[in-house]
Amino acid sequence: MEFDLNGQDHITLDRLLKHLGLVETGGEAHIRIIDGEVAVNGTTEWQKRKKLRIGDVVQYNGHEVRIK
């Protein structure tokens, strides 16, 4: 799956998960990240508001999202 920044500089990790419908709420996104269920570029990510930029790849719950 791909996510297009549409000219924006970045999107935060919690917003991406919610925007794509991979979680129901921002609070759920925070829990999933804190519990170590989300990886960015192959490494477990603990920052809820990690800035994702073009080329980053997010893995969560069997989904892979490439930022473009």
# chains A, B, ... in the order shown; residues from 1 in each chain; ligands from 1
$ residues_around --residues "region 30-36 of chain A" --least-positions-apart "5" --cutoff "8 Å" --atoms "only C-alpha atoms" --output "compact mmCIF listing (two decimals) with C-alpha atoms, in the first residue's frame"
# COMPACT_ATOMS: atom_id res chain seq x y z
CA ASP A 14 -0.28 8.11 14.70
CA THR A 44 10.19 -1.05 16.06
CA GLU A 45 9.07 2.56 16.48
CA TRP A 46 8.19 3.95 19.91
CA GLN A 47 7.55 7.61 18.99
CA LYS A 48 3.81 8.20 18.63
$ atom_distance --atom1 "CA of Gly55 (chain A)" --atom2 "CA of Gly27 (chain A)"
25.7 Å
$ atom_distance --atom1 "CA of His63 (chain A)" --atom2 "CA of Gly7 (chain A)"
23.7 Å
$ select_by_dssp --residues "chain A" --states "helix (DSSP H, G or I)" --output "PDB file with N, CA and C atoms, in the first residue's frame"
ATOM      1  N   LEU A  13       3.169   9.394  12.537  1.00  0.00           N
ATOM      2  CA  LEU A  13       2.851   7.967  12.540  1.00  0.00           C
ATOM      3  C   LEU A  13       1.442   7.709  13.054  1.00  0.00           C
ATOM      4  N   ASP A  14       1.059   8.345  14.160  1.00  0.00           N
ATOM      5  CA  ASP A  14      -0.278   8.110  14.702  1.00  0.00           C
ATOM      6  C   ASP A  14      -1.367   8.561  13.730  1.00  0.00           C
ATOM      7  N   ARG A  15      -1.167   9.699  13.077  1.00  0.00           N
ATOM      8  CA  ARG A  15      -2.149  10.195  12.100  1.00  0.00           C
ATOM      9  C   ARG A  15      -2.250   9.277  10.892  1.00  0.00           C
ATOM     10  N   LEU A  16      -1.112   8.731  10.445  1.00  0.00           N
ATOM     11  CA  LEU A  16      -1.128   7.821   9.298  1.00  0.00           C
ATOM     12  C   LEU A  16      -1.971   6.588   9.597  1.00  0.00           C
ATOM     13  N   LEU A  17      -1.744   5.971  10.747  1.00  0.00           N
ATOM     14  CA  LEU A  17      -2.496   4.762  11.102  1.00  0.00           C
ATOM     15  C   LEU A  17      -3.991   5.040  11.142  1.00  0.00           C
ATOM     16  N   LYS A  18      -4.369   6.173  11.714  1.00  0.00           N
ATOM     17  CA  LYS A  18      -5.788   6.530  11.799  1.00  0.00           C
ATOM     18  C   LYS A  18      -6.353   6.879  10.429  1.00  0.00           C
ATOM     19  N   HIS A  19      -5.619   7.671   9.667  1.00  0.00           N
ATOM     20  CA  HIS A  19      -6.084   8.100   8.342  1.00  0.00           C
ATOM     21  C   HIS A  19      -6.348   6.911   7.416  1.00  0.00           C
ATOM     22  N   GLY A  26      -7.099   7.803  17.373  1.00  0.00           N
ATOM     23  CA  GLY A  26      -5.728   8.199  17.667  1.00  0.00           C
ATOM     24  C   GLY A  26      -5.216   7.558  18.944  1.00  0.00           C
ATOM     25  N   GLY A  27      -6.110   7.398  19.916  1.00  0.00           N
ATOM     26  CA  GLY A  27      -5.734   6.741  21.166  1.00  0.00           C
ATOM     27  C   GLY A  27      -5.315   5.302  20.940  1.00  0.00           C
ATOM     28  N   GLU A  28      -6.027   4.614  20.059  1.00  0.00           N
ATOM     29  CA  GLU A  28      -5.650   3.230  19.742  1.00  0.00           C
ATOM     30  C   GLU A  28      -4.297   3.210  19.040  1.00  0.00           C
ATOM     31  N   ALA A  29      -4.051   4.184  18.162  1.00  0.00           N
ATOM     32  CA  ALA A  29      -2.754   4.262  17.482  1.00  0.00           C
ATOM     33  C   ALA A  29      -1.637   4.395  18.510  1.00  0.00           C
ATOM     34  N   HIS A  30      -1.843   5.254  19.511  1.00  0.00           N
ATOM     35  CA  HIS A  30      -0.828   5.451  20.553  1.00  0.00           C
ATOM     36  C   HIS A  30      -0.554   4.152  21.293  1.00  0.00           C
ATOM     37  N   ILE A  31      -1.604   3.413  21.630  1.00  0.00           N
ATOM     38  CA  ILE A  31      -1.450   2.145  22.343  1.00  0.00           C
ATOM     39  C   ILE A  31      -0.665   1.146  21.505  1.00  0.00           C
ATOM     40  N   ARG A  32      -1.018   1.022  20.227  1.00  0.00           N
ATOM     41  CA  ARG A  32      -0.337   0.065  19.340  1.00  0.00           C
ATOM     42  C   ARG A  32       1.150   0.413  19.214  1.00  0.00           C
ATOM     43  N   ILE A  33       1.449   1.712  19.119  1.00  0.00           N
ATOM     44  CA  ILE A  33       2.842   2.136  18.992  1.00  0.00           C
ATOM     45  C   ILE A  33       3.592   1.867  20.295  1.00  0.00           C
ATOM     46  N   ILE A  34       3.025   2.258  21.428  1.00  0.00           N
ATOM     47  CA  ILE A  34       3.662   2.054  22.736  1.00  0.00           C
ATOM     48  C   ILE A  34       3.886   0.568  23.018  1.00  0.00           C
TER      49      ILE A  34
END
$ residues_around --residues "Ile11 (chain A)" --least-positions-apart "2" --cutoff "10 Å" --atoms "only C-alpha atoms" --output "number ranges by chain"
A: 3-5, 8-9, 13-16, 49-54, 67
$ residues_around --residues "Arg66 (chain A)" --least-positions-apart "5" --cutoff "6 Å" --atoms "only C-alpha atoms" --output "ChimeraX atom specification"
/A:2,56-57
$ write_last_selection --atoms "C-alpha atoms" --output "mmCIF file, in the first residue's frame"
data_model
loop_
_atom_site.group_PDB
_atom_site.id
_atom_site.type_symbol
_atom_site.label_atom_id
_atom_site.label_comp_id
_atom_site.auth_asym_id
_atom_site.auth_seq_id
_atom_site.Cartn_x
_atom_site.Cartn_y
_atom_site.Cartn_z
ATOM 1 C CA GLU A 2 1.221 3.549 -0.670
ATOM 2 C CA ASP A 56 9.699 5.648 4.803
ATOM 3 C CA VAL A 57 7.996 2.260 5.117
#
$ select_by_dssp --residues "chain A" --states "strand (DSSP E)" --output "VMD selection string"
chain A and resid 2 to 3 11 to 12 38 to 40 43 to 44 51 to 52 57 to 60 63 to 67
$ write_last_selection --atoms "C-alpha atoms" --output "PDB file, in the first residue's frame"
ATOM      1  CA  GLU A   2       1.221   3.549  -0.670  1.00  0.00           C
ATOM      2  CA  PHE A   3       0.422   6.857   0.989  1.00  0.00           C
ATOM      3  CA  ILE A  11       2.710  12.953   8.326  1.00  0.00           C
ATOM      4  CA  THR A  12       2.957  11.694  11.892  1.00  0.00           C
ATOM      5  CA  VAL A  38       4.510  -0.773  14.688  1.00  0.00           C
ATOM      6  CA  ALA A  39       7.782  -0.698  12.762  1.00  0.00           C
ATOM      7  CA  VAL A  40       9.237   2.062  10.597  1.00  0.00           C
ATOM      8  CA  THR A  43      12.749  -1.139  13.249  1.00  0.00           C
ATOM      9  CA  THR A  44      10.188  -1.050  16.062  1.00  0.00           C
ATOM     10  CA  LYS A  51       7.482  12.278  11.381  1.00  0.00           C
ATOM     11  CA  LEU A  52       7.218  10.094   8.305  1.00  0.00           C
ATOM     12  CA  VAL A  57       7.996   2.260   5.117  1.00  0.00           C
ATOM     13  CA  VAL A  58       5.592   1.468   7.971  1.00  0.00           C
ATOM     14  CA  GLN A  59       4.695  -2.090   8.986  1.00  0.00           C
ATOM     15  CA  TYR A  60       1.701  -2.796  11.189  1.00  0.00           C
ATOM     16  CA  HIS A  63       0.157  -4.185   6.384  1.00  0.00           C
ATOM     17  CA  GLU A  64       3.056  -2.369   4.778  1.00  0.00           C
ATOM     18  CA  VAL A  65       2.694   1.286   3.809  1.00  0.00           C
ATOM     19  CA  ARG A  66       5.274   3.145   1.714  1.00  0.00           C
ATOM     20  CA  ILE A  67       5.271   6.942   1.979  1.00  0.00           C
TER      21      ILE A  67
END
$ decode --residues "region 34-51 of chain A" --atoms "C-alpha atoms" --output "PDB file, in the first residue's frame"
ATOM      1  CA  ILE A  34       3.662   2.054  22.736  1.00  0.00           C
ATOM      2  CA  ASP A  35       3.080  -1.729  22.744  1.00  0.00           C
ATOM      3  CA  GLY A  36       5.760  -2.120  20.047  1.00  0.00           C
ATOM      4  CA  GLU A  37       3.377  -3.295  17.335  1.00  0.00           C
ATOM      5  CA  VAL A  38       4.510  -0.773  14.688  1.00  0.00           C
ATOM      6  CA  ALA A  39       7.782  -0.698  12.762  1.00  0.00           C
ATOM      7  CA  VAL A  40       9.237   2.062  10.597  1.00  0.00           C
ATOM      8  CA  ASN A  41      11.886   1.067   8.065  1.00  0.00           C
ATOM      9  CA  GLY A  42      12.178  -2.358   9.672  1.00  0.00           C
ATOM     10  CA  THR A  43      12.749  -1.139  13.249  1.00  0.00           C
ATOM     11  CA  THR A  44      10.188  -1.050  16.062  1.00  0.00           C
ATOM     12  CA  GLU A  45       9.074   2.561  16.478  1.00  0.00           C
ATOM     13  CA  TRP A  46       8.185   3.950  19.912  1.00  0.00           C
ATOM     14  CA  GLN A  47       7.546   7.609  18.989  1.00  0.00           C
ATOM     15  CA  LYS A  48       3.805   8.205  18.634  1.00  0.00           C
ATOM     16  CA  ARG A  49       4.306  11.325  16.567  1.00  0.00           C
ATOM     17  CA  LYS A  50       7.276  10.138  14.529  1.00  0.00           C
ATOM     18  CA  LYS A  51       7.482  12.278  11.381  1.00  0.00           C
TER      19      LYS A  51
END
